[in-house]
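Structure below is entry_26.txt: compact mmCIF, C-alpha atoms and all ligand atoms.
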```
# COMPACT_ATOMS: atom_id res chain seq x y z
CA MET A 30 41.35 26.23 17.32
CA HIS A 31 39.98 26.82 20.77
CA ARG A 32 37.94 29.82 19.58
CA ARG A 33 36.37 27.88 16.72
CA GLN A 34 35.17 25.10 18.99
CA LYS A 35 33.46 27.58 21.26
CA GLU A 36 31.60 29.22 18.40
CA MET A 37 30.46 25.93 16.91
CA ALA A 38 29.13 24.54 20.16
CA PRO A 39 25.57 26.00 19.94
CA TRP A 40 25.04 24.37 16.58
CA ALA A 41 25.80 20.91 17.83
CA PRO A 42 22.59 20.11 19.77
CA ALA A 43 20.38 21.48 16.99
CA LEU A 44 22.16 19.38 14.37
CA LEU A 45 22.02 16.37 16.62
CA LEU A 46 18.24 16.83 16.90
CA CYS A 47 17.98 16.88 13.12
CA VAL A 48 19.80 13.59 12.89
CA MET A 49 17.92 11.98 15.73
CA VAL A 50 14.32 12.89 14.95
CA PRO A 51 13.07 9.91 12.99
CA CYS A 52 12.06 10.87 9.48
CA VAL A 53 8.45 10.40 8.64
CA CYS A 54 9.56 8.09 5.89
CA ALA A 55 7.80 6.47 3.00
CA THR A 56 4.17 5.46 3.29
CA LYS A 57 3.98 1.85 2.22
CA ILE A 58 0.69 0.63 0.77
CA CYS A 59 0.27 -3.09 0.22
CA ALA A 60 -2.32 -5.36 -1.37
CA PHE A 61 -2.34 -8.99 -0.37
CA ASN A 62 -4.55 -11.89 -1.45
CA MET A 63 -4.34 -14.00 1.71
CA GLN A 64 -5.94 -17.13 0.26
CA HIS A 65 -8.76 -18.22 2.57
CA PHE A 66 -7.65 -16.11 5.50
CA GLY A 67 -9.68 -17.15 8.51
CA GLU A 68 -9.62 -18.76 11.92
CA LYS A 69 -7.84 -21.88 10.71
CA LYS A 70 -4.86 -19.92 9.46
CA VAL A 71 -4.35 -17.76 12.54
CA ALA A 72 -4.72 -20.80 14.80
CA LYS A 73 -1.26 -21.84 13.62
CA GLU A 74 1.05 -19.67 15.66
CA HIS A 75 4.00 -19.81 13.27
CA ILE A 76 1.85 -18.72 10.32
CA LEU A 77 0.30 -15.92 12.34
CA ASN A 78 3.79 -14.68 13.24
CA LEU A 79 4.87 -14.66 9.60
CA ILE A 80 1.70 -12.79 8.58
CA VAL A 81 2.44 -10.21 11.28
CA LYS A 82 5.94 -9.72 9.83
CA ILE A 83 4.48 -9.12 6.39
CA ILE A 84 1.70 -6.75 7.42
CA GLN A 85 3.56 -4.64 9.94
CA ARG A 86 5.79 -3.32 7.15
CA CYS A 87 2.84 -1.51 5.59
CA GLU A 88 1.08 1.68 6.66
CA ILE A 89 -2.00 0.33 4.85
CA SER A 90 -2.62 -3.31 3.87
CA VAL A 91 -5.54 -4.09 1.59
CA LEU A 92 -6.35 -7.73 2.29
CA GLN A 93 -8.42 -9.90 -0.01
CA GLU A 94 -9.94 -13.35 0.23
CA VAL A 95 -10.65 -12.88 3.91
CA GLN A 96 -13.23 -15.39 5.15
CA ASP A 97 -13.87 -14.25 8.64
CA PRO A 98 -17.51 -13.16 9.03
CA LYS A 99 -17.29 -13.24 12.83
CA GLY A 100 -14.10 -11.19 12.81
CA LEU A 101 -12.29 -13.60 15.13
CA ALA A 102 -9.26 -14.15 12.88
CA LEU A 103 -8.90 -10.44 12.31
CA SER A 104 -9.05 -9.59 16.01
CA ARG A 105 -6.38 -12.22 16.68
CA LEU A 106 -4.20 -10.72 13.94
CA LEU A 107 -4.68 -7.16 15.25
CA GLN A 108 -3.81 -8.33 18.76
CA SER A 109 -0.54 -9.83 17.51
CA LEU A 110 0.27 -6.76 15.42
CA ASN A 111 -0.31 -4.46 18.38
CA LYS A 112 1.66 -6.54 20.86
CA ALA A 113 4.88 -5.12 19.48
CA HIS A 114 3.50 -1.60 19.14
CA LYS A 115 1.64 0.93 21.22
CA LYS A 116 -1.89 -0.13 22.05
CA ASP A 117 -4.20 -0.03 19.05
CA THR A 118 -1.65 1.34 16.61
CA PHE A 119 -3.01 -1.03 13.98
CA MET A 120 -6.70 -0.71 13.25
CA ALA A 121 -8.98 -2.16 10.61
CA VAL A 122 -11.92 -1.42 8.37
CA THR A 123 -13.81 -4.49 7.17
CA SER A 124 -16.31 -4.92 4.36
CA PRO A 125 -19.38 -7.08 4.79
CA PRO A 126 -19.12 -10.59 3.30
CA LEU A 127 -19.37 -10.12 -0.48
CA GLY A 128 -20.44 -12.70 -3.04
CA ARG A 129 -23.27 -13.82 -5.28
CA LYS A 130 -24.09 -17.07 -3.55
CA SER A 131 -23.09 -18.76 -0.34
CA TYR A 132 -19.38 -18.31 -1.10
CA THR A 133 -18.29 -14.93 0.21
CA GLU A 134 -15.12 -12.99 0.85
CA GLN A 135 -14.35 -9.77 2.68
CA TYR A 136 -11.99 -6.94 1.95
CA VAL A 137 -10.08 -5.81 5.02
CA PHE A 138 -7.99 -2.66 5.37
CA ILE A 139 -5.42 -2.82 8.17
CA TYR A 140 -3.77 0.53 8.80
CA ARG A 141 -1.40 2.27 11.19
CA SER A 142 -3.58 4.79 12.98
CA ASP A 143 -0.55 6.94 13.91
CA LYS A 144 0.23 7.45 10.21
CA VAL A 145 -3.12 7.41 8.42
CA GLN A 146 -6.79 7.65 9.29
CA ALA A 147 -9.77 6.10 7.53
CA THR A 148 -12.28 8.88 6.98
CA GLN A 149 -15.03 7.63 4.64
CA GLN A 150 -16.16 4.37 3.13
CA TYR A 151 -18.86 2.84 0.95
CA LYS A 152 -19.69 -0.28 -0.99
CA TYR A 153 -19.97 0.25 -4.72
CA ALA A 154 -23.51 -0.76 -5.68
CA ASP A 155 -23.72 -2.69 -8.94
CA ASP A 156 -26.61 -4.85 -7.82
CA ASP A 157 -29.29 -2.39 -6.79
CA SER A 158 -29.38 -0.30 -9.95
CA ASP A 159 -30.33 -0.81 -13.60
CA ALA A 160 -26.71 -1.62 -14.38
CA PRO A 161 -25.86 -5.31 -14.71
CA ASP A 162 -24.32 -7.09 -11.75
CA VAL A 163 -20.69 -7.10 -12.87
CA PHE A 164 -18.71 -7.74 -9.72
CA ALA A 165 -18.83 -10.91 -7.69
CA ARG A 166 -17.16 -8.93 -4.90
CA GLU A 167 -18.00 -5.26 -5.30
CA PRO A 168 -15.25 -2.84 -4.31
CA TYR A 169 -15.54 -1.62 -0.74
CA ILE A 170 -14.02 1.80 -1.11
CA VAL A 171 -12.16 3.50 1.74
CA ARG A 172 -10.84 7.03 1.86
CA PHE A 173 -7.79 7.80 3.97
CA SER A 174 -6.17 10.94 5.20
CA VAL A 175 -2.41 10.67 5.42
CA PHE A 176 -0.65 12.55 8.23
CA GLY A 177 2.27 14.93 7.69
CA LYS A 178 2.93 14.25 4.05
CA GLY A 179 2.69 15.95 0.72
CA LEU A 180 -0.15 13.61 -0.13
CA ARG A 181 -3.04 14.18 2.29
CA ASP A 182 -5.98 12.38 0.73
CA LEU A 183 -6.05 8.95 -0.83
CA VAL A 184 -8.90 6.72 -1.97
CA LEU A 185 -8.31 2.96 -2.10
CA VAL A 186 -10.37 0.63 -4.27
CA PRO A 187 -9.81 -3.07 -3.48
CA MET A 188 -10.51 -5.69 -6.11
CA HIS A 189 -10.43 -9.45 -6.22
CA THR A 190 -11.90 -10.49 -9.56
CA VAL A 191 -13.44 -13.82 -10.43
CA PRO A 192 -10.82 -15.33 -12.78
CA GLU A 193 -13.25 -16.18 -15.61
CA ASN A 194 -14.65 -12.64 -15.55
CA ALA A 195 -11.39 -10.79 -14.95
CA SER A 196 -11.45 -8.56 -18.04
CA ARG A 197 -15.06 -7.45 -17.53
CA GLU A 198 -14.56 -6.73 -13.87
CA ILE A 199 -11.32 -4.79 -14.42
CA ASP A 200 -12.98 -2.81 -17.18
CA ALA A 201 -15.88 -2.01 -14.85
CA LEU A 202 -13.46 -0.44 -12.38
CA TYR A 203 -13.68 2.51 -14.74
CA ASP A 204 -17.36 2.90 -13.76
CA VAL A 205 -16.29 2.71 -10.13
CA PHE A 206 -13.84 5.51 -10.86
CA LEU A 207 -16.62 7.69 -12.32
CA ASP A 208 -18.79 6.98 -9.28
CA ILE A 209 -16.00 8.00 -6.88
CA MET A 210 -15.45 11.24 -8.81
CA VAL A 211 -19.15 12.13 -8.55
CA ARG A 212 -19.25 11.39 -4.84
CA TRP A 213 -15.96 12.77 -3.62
CA ASP A 214 -14.21 14.52 -6.50
CA ALA A 215 -11.12 12.57 -5.38
CA LYS A 216 -7.70 13.65 -6.63
CA ASN A 217 -5.75 10.49 -5.78
CA ILE A 218 -7.09 6.98 -6.27
CA LEU A 219 -5.43 3.56 -6.11
CA PHE A 220 -7.07 0.42 -7.50
CA LEU A 221 -5.34 -2.59 -6.05
CA GLY A 222 -5.59 -6.29 -5.49
CA ASP A 223 -5.74 -9.64 -7.21
CA PHE A 224 -7.14 -8.61 -10.59
CA ASN A 225 -6.24 -12.02 -12.10
CA ALA A 226 -4.76 -9.75 -14.74
CA ALA A 227 -2.38 -12.17 -16.46
CA CYS A 228 -1.77 -15.57 -17.97
CA SER A 229 -4.89 -17.39 -19.17
CA TYR A 230 -7.31 -14.96 -17.46
CA LEU A 231 -6.19 -11.79 -19.26
CA SER A 232 -4.15 -11.71 -22.45
CA ARG A 233 -2.00 -8.65 -23.18
CA LYS A 234 -4.16 -8.01 -26.23
CA LYS A 235 -7.36 -8.04 -24.18
CA LYS A 236 -5.74 -5.84 -21.56
CA ARG A 237 -5.20 -3.10 -24.15
CA THR A 238 -8.97 -2.89 -24.71
CA LEU A 239 -9.81 -2.15 -21.07
CA ARG A 240 -10.92 1.39 -20.23
CA LEU A 241 -8.84 1.27 -17.05
CA TYR A 242 -5.78 0.66 -19.24
CA LYS A 243 -6.54 2.67 -22.39
CA ASP A 244 -7.18 5.93 -20.55
CA GLU A 245 -3.74 7.45 -19.99
CA ARG A 246 -4.70 8.93 -16.65
CA PHE A 247 -4.35 5.45 -15.18
CA HIS A 248 -0.87 4.17 -14.42
CA TRP A 249 -0.32 0.42 -14.08
CA LEU A 250 2.51 0.26 -11.56
CA ILE A 251 3.07 -3.51 -11.58
CA ASP A 252 4.44 -4.71 -14.92
CA ASP A 253 3.19 -7.65 -16.97
CA SER A 254 6.61 -9.21 -16.37
CA ALA A 255 6.11 -9.32 -12.59
CA ASP A 256 5.40 -12.64 -10.89
CA THR A 257 2.99 -12.34 -7.96
CA THR A 258 2.58 -16.07 -7.47
CA VAL A 259 4.40 -18.04 -4.78
CA ARG A 260 4.62 -21.30 -6.72
CA GLY A 261 7.82 -21.69 -8.69
CA SER A 262 5.84 -23.42 -11.42
CA THR A 263 3.70 -20.35 -12.18
CA ASN A 264 4.75 -16.95 -13.44
CA CYS A 265 1.82 -14.51 -13.61
CA ALA A 266 1.25 -10.85 -12.74
CA TYR A 267 -2.19 -11.46 -11.24
CA ASP A 268 -1.94 -8.79 -8.56
CA ARG A 269 -1.78 -5.16 -9.61
CA ILE A 270 -1.74 -1.58 -8.44
CA VAL A 271 -3.23 1.08 -10.71
CA ALA A 272 -2.82 4.75 -9.81
CA TYR A 273 -4.87 7.76 -10.78
CA GLY A 274 -3.86 11.35 -10.00
CA GLU A 275 -0.94 13.64 -10.81
CA GLN A 276 -0.20 14.45 -7.19
CA LEU A 277 -0.18 10.76 -6.36
CA MET A 278 2.14 9.95 -9.28
CA THR A 279 4.68 12.60 -8.27
CA ASN A 280 4.81 10.93 -4.83
CA VAL A 281 5.40 7.38 -6.08
CA GLN A 282 8.87 6.17 -5.11
CA THR A 283 8.76 2.50 -6.01
CA ALA A 284 6.27 -0.27 -6.64
CA GLY A 285 6.87 -3.99 -6.71
CA VAL A 286 6.28 -7.47 -5.40
CA TYR A 287 7.22 -8.52 -1.86
CA ASN A 288 8.76 -11.97 -2.13
CA PHE A 289 8.28 -13.28 1.41
CA THR A 290 9.78 -16.64 0.51
CA LYS A 291 13.08 -14.87 -0.01
CA GLU A 292 12.75 -12.04 2.53
CA LEU A 293 11.70 -14.31 5.41
CA GLY A 294 13.97 -17.19 4.38
CA LEU A 295 11.22 -19.76 3.81
CA SER A 296 10.92 -22.84 1.66
CA GLU A 297 8.20 -22.86 -0.98
CA ILE A 298 6.13 -25.23 1.15
CA GLN A 299 6.40 -22.95 4.18
CA ALA A 300 5.55 -19.91 2.06
CA LEU A 301 2.47 -21.60 0.63
CA GLU A 302 1.10 -22.02 4.16
CA ILE A 303 0.76 -18.23 4.22
CA SER A 304 -0.73 -17.74 0.74
CA ASP A 305 -0.24 -18.62 -2.90
CA HIS A 306 0.07 -14.90 -3.71
CA TYR A 307 2.79 -12.37 -2.85
CA PRO A 308 1.72 -8.89 -1.77
CA VAL A 309 2.19 -6.07 -4.25
CA GLU A 310 3.22 -2.78 -2.73
CA LEU A 311 3.85 0.87 -3.33
CA ASP A 312 6.09 3.35 -1.50
CA LEU A 313 4.93 6.96 -1.41
CA ASN A 314 7.33 9.78 -0.54
CA GLY A 315 7.54 10.72 3.05
CA GLN A 316 9.01 13.94 4.32
CA ASN A 317 10.85 14.74 7.50
CA PRO A 318 8.82 17.62 8.98
CA LEU A 319 12.10 19.17 10.21
CA LEU A 320 13.73 18.91 6.78
CA PRO A 321 13.45 22.60 5.78
CA SER A 322 14.84 23.90 9.08
CA CYS A 323 17.53 21.23 9.16
CA THR A 324 18.67 22.12 5.66
CA LEU A 325 18.90 25.79 6.68
CA LEU A 326 20.80 24.85 9.80
CA ALA A 327 23.24 22.66 7.88
CA LEU A 328 23.82 25.49 5.37
CA SER A 329 24.51 28.05 8.10
CA PHE A 330 26.85 25.59 9.72
CA LEU A 331 28.72 25.15 6.47
CA VAL A 332 28.94 28.90 5.86
CA SER A 333 30.29 29.58 9.33
CA PHE A 334 32.76 26.73 8.99
CA ILE A 335 34.02 28.00 5.64
CA SER A 336 34.29 31.59 6.82
CA GLN A 337 36.29 30.50 9.87
CA THR A 338 38.60 28.40 7.74
CA TRP A 339 38.92 31.35 5.44
CA GLU A 340 39.96 33.62 8.36
CA LYS A 341 42.74 31.23 9.25
CA THR A 342 44.03 30.87 5.72
CA PRO A 343 46.98 33.20 5.33
CA ILE A 344 46.40 35.65 2.50
CA TYR A 345 49.34 36.25 0.25
C1 LIG A 401 -19.37 -13.98 -14.58
O1 LIG A 401 -20.22 -12.89 -14.89
C2 LIG A 401 -21.56 -13.25 -15.22
C3 LIG A 401 -22.29 -11.99 -15.61
O2 LIG A 401 -22.26 -11.02 -14.61
C4 LIG A 401 -22.20 -13.94 -14.03
O3 LIG A 401 -23.51 -14.34 -14.34
C5 LIG A 401 -21.36 -15.16 -13.65
O4 LIG A 401 -21.91 -15.75 -12.49
C6 LIG A 401 -19.94 -14.72 -13.39
N1 LIG A 401 -19.11 -15.88 -13.10
C7 LIG A 401 -18.75 -16.19 -11.87
C8 LIG A 401 -17.94 -17.43 -11.73
O5 LIG A 401 -19.02 -15.48 -10.91
C1 LIG A 402 11.02 -15.59 -4.57
O1 LIG A 402 12.15 -16.00 -3.87
C2 LIG A 402 12.45 -17.37 -4.00
C3 LIG A 402 13.58 -17.69 -3.03
O2 LIG A 402 14.68 -16.84 -3.24
C4 LIG A 402 12.78 -17.66 -5.45
O3 LIG A 402 13.09 -19.03 -5.59
C5 LIG A 402 11.59 -17.27 -6.31
O4 LIG A 402 11.88 -17.45 -7.66
C6 LIG A 402 11.18 -15.86 -6.06
N1 LIG A 402 9.92 -15.60 -6.73
C7 LIG A 402 9.69 -14.49 -7.39
C8 LIG A 402 8.35 -14.39 -8.00
O5 LIG A 402 10.51 -13.60 -7.50
```
Mind turning this structure into structure tokens?
Amino acid sequence: MHRRQKEMAPWAPALLLCVMVPCVCATKICAFNMQHFGEKKVAKEHILNLIVKIIQRCEISVLQEVQDPKGLALSRLLQSLNKAHKKDTFMAVTSPPLGRKSYTEQYVFIYRSDKVQATQQYKYADDDSDAPDVFAREPYIVRFSVFGKGLRDLVLVPMHTVPENASREIDALYDVFLDIMVRWDAKNILFLGDFNAACSYLSRKKKRTLRLYKDERFHWLIDDSADTTVRGSTNCAYDRIVAYGEQLMTNVQTAGVYNFTKELGLSEIQALEISDHYPVELDLNGQNPLLPSCTLLALSFLVSFISQTWEKTPIY
């Protein structure tokens, strides 16, 4: 007994290290229509705090319906997010105000700079070419590199369609896809946001005619049966995540809707102060960088344990 303890001792600290080093766990990517997100909303402290709780869960949040041309609401939000973290952990990339007339919205990407890095970005141009002006709010496309994971490179395409034009705009995301391939030859692309892809704005029949749906390389990760609306009286899968890329698909763990009414214990009225949409989100596989060595260590430990037990077992 005494001898065995002595021999096992050197393993202990190494194994302890394996257990203690935090795993670089799933990368969570979220898309959230924040319904007129601007200075008015963040001025209410309790709403700001709830928004922080929702966004800090995600390595990348793709925010839509942001109305903050001066960036004051966003800087307030970033300040609150970073209060609980190291300085400037959360950073943001913001699109210019997008819209046909005086009504505009911005896409905002908030990301954890210790986990991912924004590397490239551009606004899809459907208004300065011969092609017709399809999008009210052209995708502002951002490319990310992901640290320490199987998946290193990921392109995100945000979309908030105009409800009446939902099917045309979703279909035109296929042209955006072709444009991204020409520019970057990207292997992994996510289209995400409030597509208005349900109920009266997009029938299931119409959906089957869309190039972004018909082409089997695109995977719609949020089902038609999902409900991304906060109101109990509505049941529509407006918000979607569509994935392109084999490497990306092999890394998808789960996708779904984040019901903050339930998760944060709110009433419907309280929840509606945040937004009338729930975020949709996707978990990508993470990997503990020590996993291979820890597995080896655990195996050696097991072998030595078994062989020692074996030695002590009387042989008849
Ligand atoms: C719908 O699309 C058409 C054609 O691009 C455009 O003229 C119209 O303004 C769009 N509707 C809205 C509400 O943006
Ligand atoms: C969200 O949670 C609330 C509270 O539990 C529930 O009443 C509501 O039906 C849920 N909504 C969805 C879309 O799951």
Self-check item: Distance in Å - CA of Lys235 in chain A versus CA of Val205 in chain A
Solution: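 The value is 19.8 Å.
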Exercise. Would you mind reading off the distance between CA of His75 in chain A and CA of Gln108 in chain A, one decimal, in Å?
Key: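 CA of His75 in chain A sits 14.9 Å away from CA of Gln108 in chain A.
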Practice problem: Could you give me, as a ChimeraX atom specification, every polymer residue with an atom at most 9 Å away from an atom of ligand LIG 402 (chain A), counting all atoms listed in the file? | Solution: /A:255-261,263-265,286-292,294-297,307
Exercise. Return as number ranges by chain the residues of protein, DNA or RNA that approach ligand LIG 401 (chain A) to within 9 Å, with only C-alpha atoms and all ligand atoms taken into account.
Key: A: 128-129, 161-165, 190-195, 197-198
Practice problem: Can you work out the spacing between CA of Ala154 in chain A and CA of Glu167 in chain A in Å, to one decimal? | Solution: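 Computing it gives 7.1 Å between the two atoms.
Every residue within 9 Å of the file position (-14.1, -16.0, -2.6), judged by only C-alpha atoms, is given as Gln64, His65, Gln93, Glu94, Val95, Gln96, Leu127, Gly128, Tyr132, Thr133, Glu134, Gln135, Ala165, Arg166, His189 and Val191 of chain A.
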Convert the current residue selection to file output with C-alpha atoms, as a CSV table (one decimal), in the coordinates of the input.
```
chain,number,residue,atom,x,y,z
A,64,GLN,CA,-5.9,-17.1,0.3
A,65,HIS,CA,-8.8,-18.2,2.6
A,93,GLN,CA,-8.4,-9.9,0.0
A,94,GLU,CA,-9.9,-13.4,0.2
A,95,VAL,CA,-10.6,-12.9,3.9
A,96,GLN,CA,-13.2,-15.4,5.2
A,127,LEU,CA,-19.4,-10.1,-0.5
A,128,GLY,CA,-20.4,-12.7,-3.0
A,132,TYR,CA,-19.4,-18.3,-1.1
A,133,THR,CA,-18.3,-14.9,0.2
A,134,GLU,CA,-15.1,-13.0,0.8
A,135,GLN,CA,-14.4,-9.8,2.7
A,165,ALA,CA,-18.8,-10.9,-7.7
A,166,ARG,CA,-17.2,-8.9,-4.9
A,189,HIS,CA,-10.4,-9.4,-6.2
A,191,VAL,CA,-13.4,-13.8,-10.4
```
Quiz item: Which of these residues is nearest to Pro126 in chain A, using all atoms listed in the file: A:Arg86, A:Lys99, A:Lys57, A:Arg172?
Solution: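 Looking only at the distances to Pro126 in chain A, the closest residue turns out to be A:Lys99.
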Quiz item: Hey, which of A:Ser329, A:Ser196, A:Leu239, A:Leu106 ends up closest to Ile83 in chain A? Count only C-alpha atoms.
Solution: A:Leu106
Quiz item: For Asp268 in chain A, which residue among A:Phe330, A:Phe220, A:Phe176, A:Tyr153 is the nearest when counting only C-alpha atoms?
Solution: A:Phe220
Exercise. Rank nothing, just name the residue among A:Met278, A:Cys87, A:Leu180, A:Leu77 nearest to Glu310 in chain A, using all atoms listed in the file.
Key: A:Cys87
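Each of A:Leu183, A:Leu328, A:Met210, A:Met120 was checked against Leu277 in chain A using only C-alpha atoms; the smallest atom-to-atom distance is that of A:Leu183.
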Quiz item: Taking into account all atoms listed in the file, which residue in the set A:Asp208, A:Asp200, A:Glu340, A:Glu68 is nearest to Leu231 in chain A?
Solution: A:Asp200
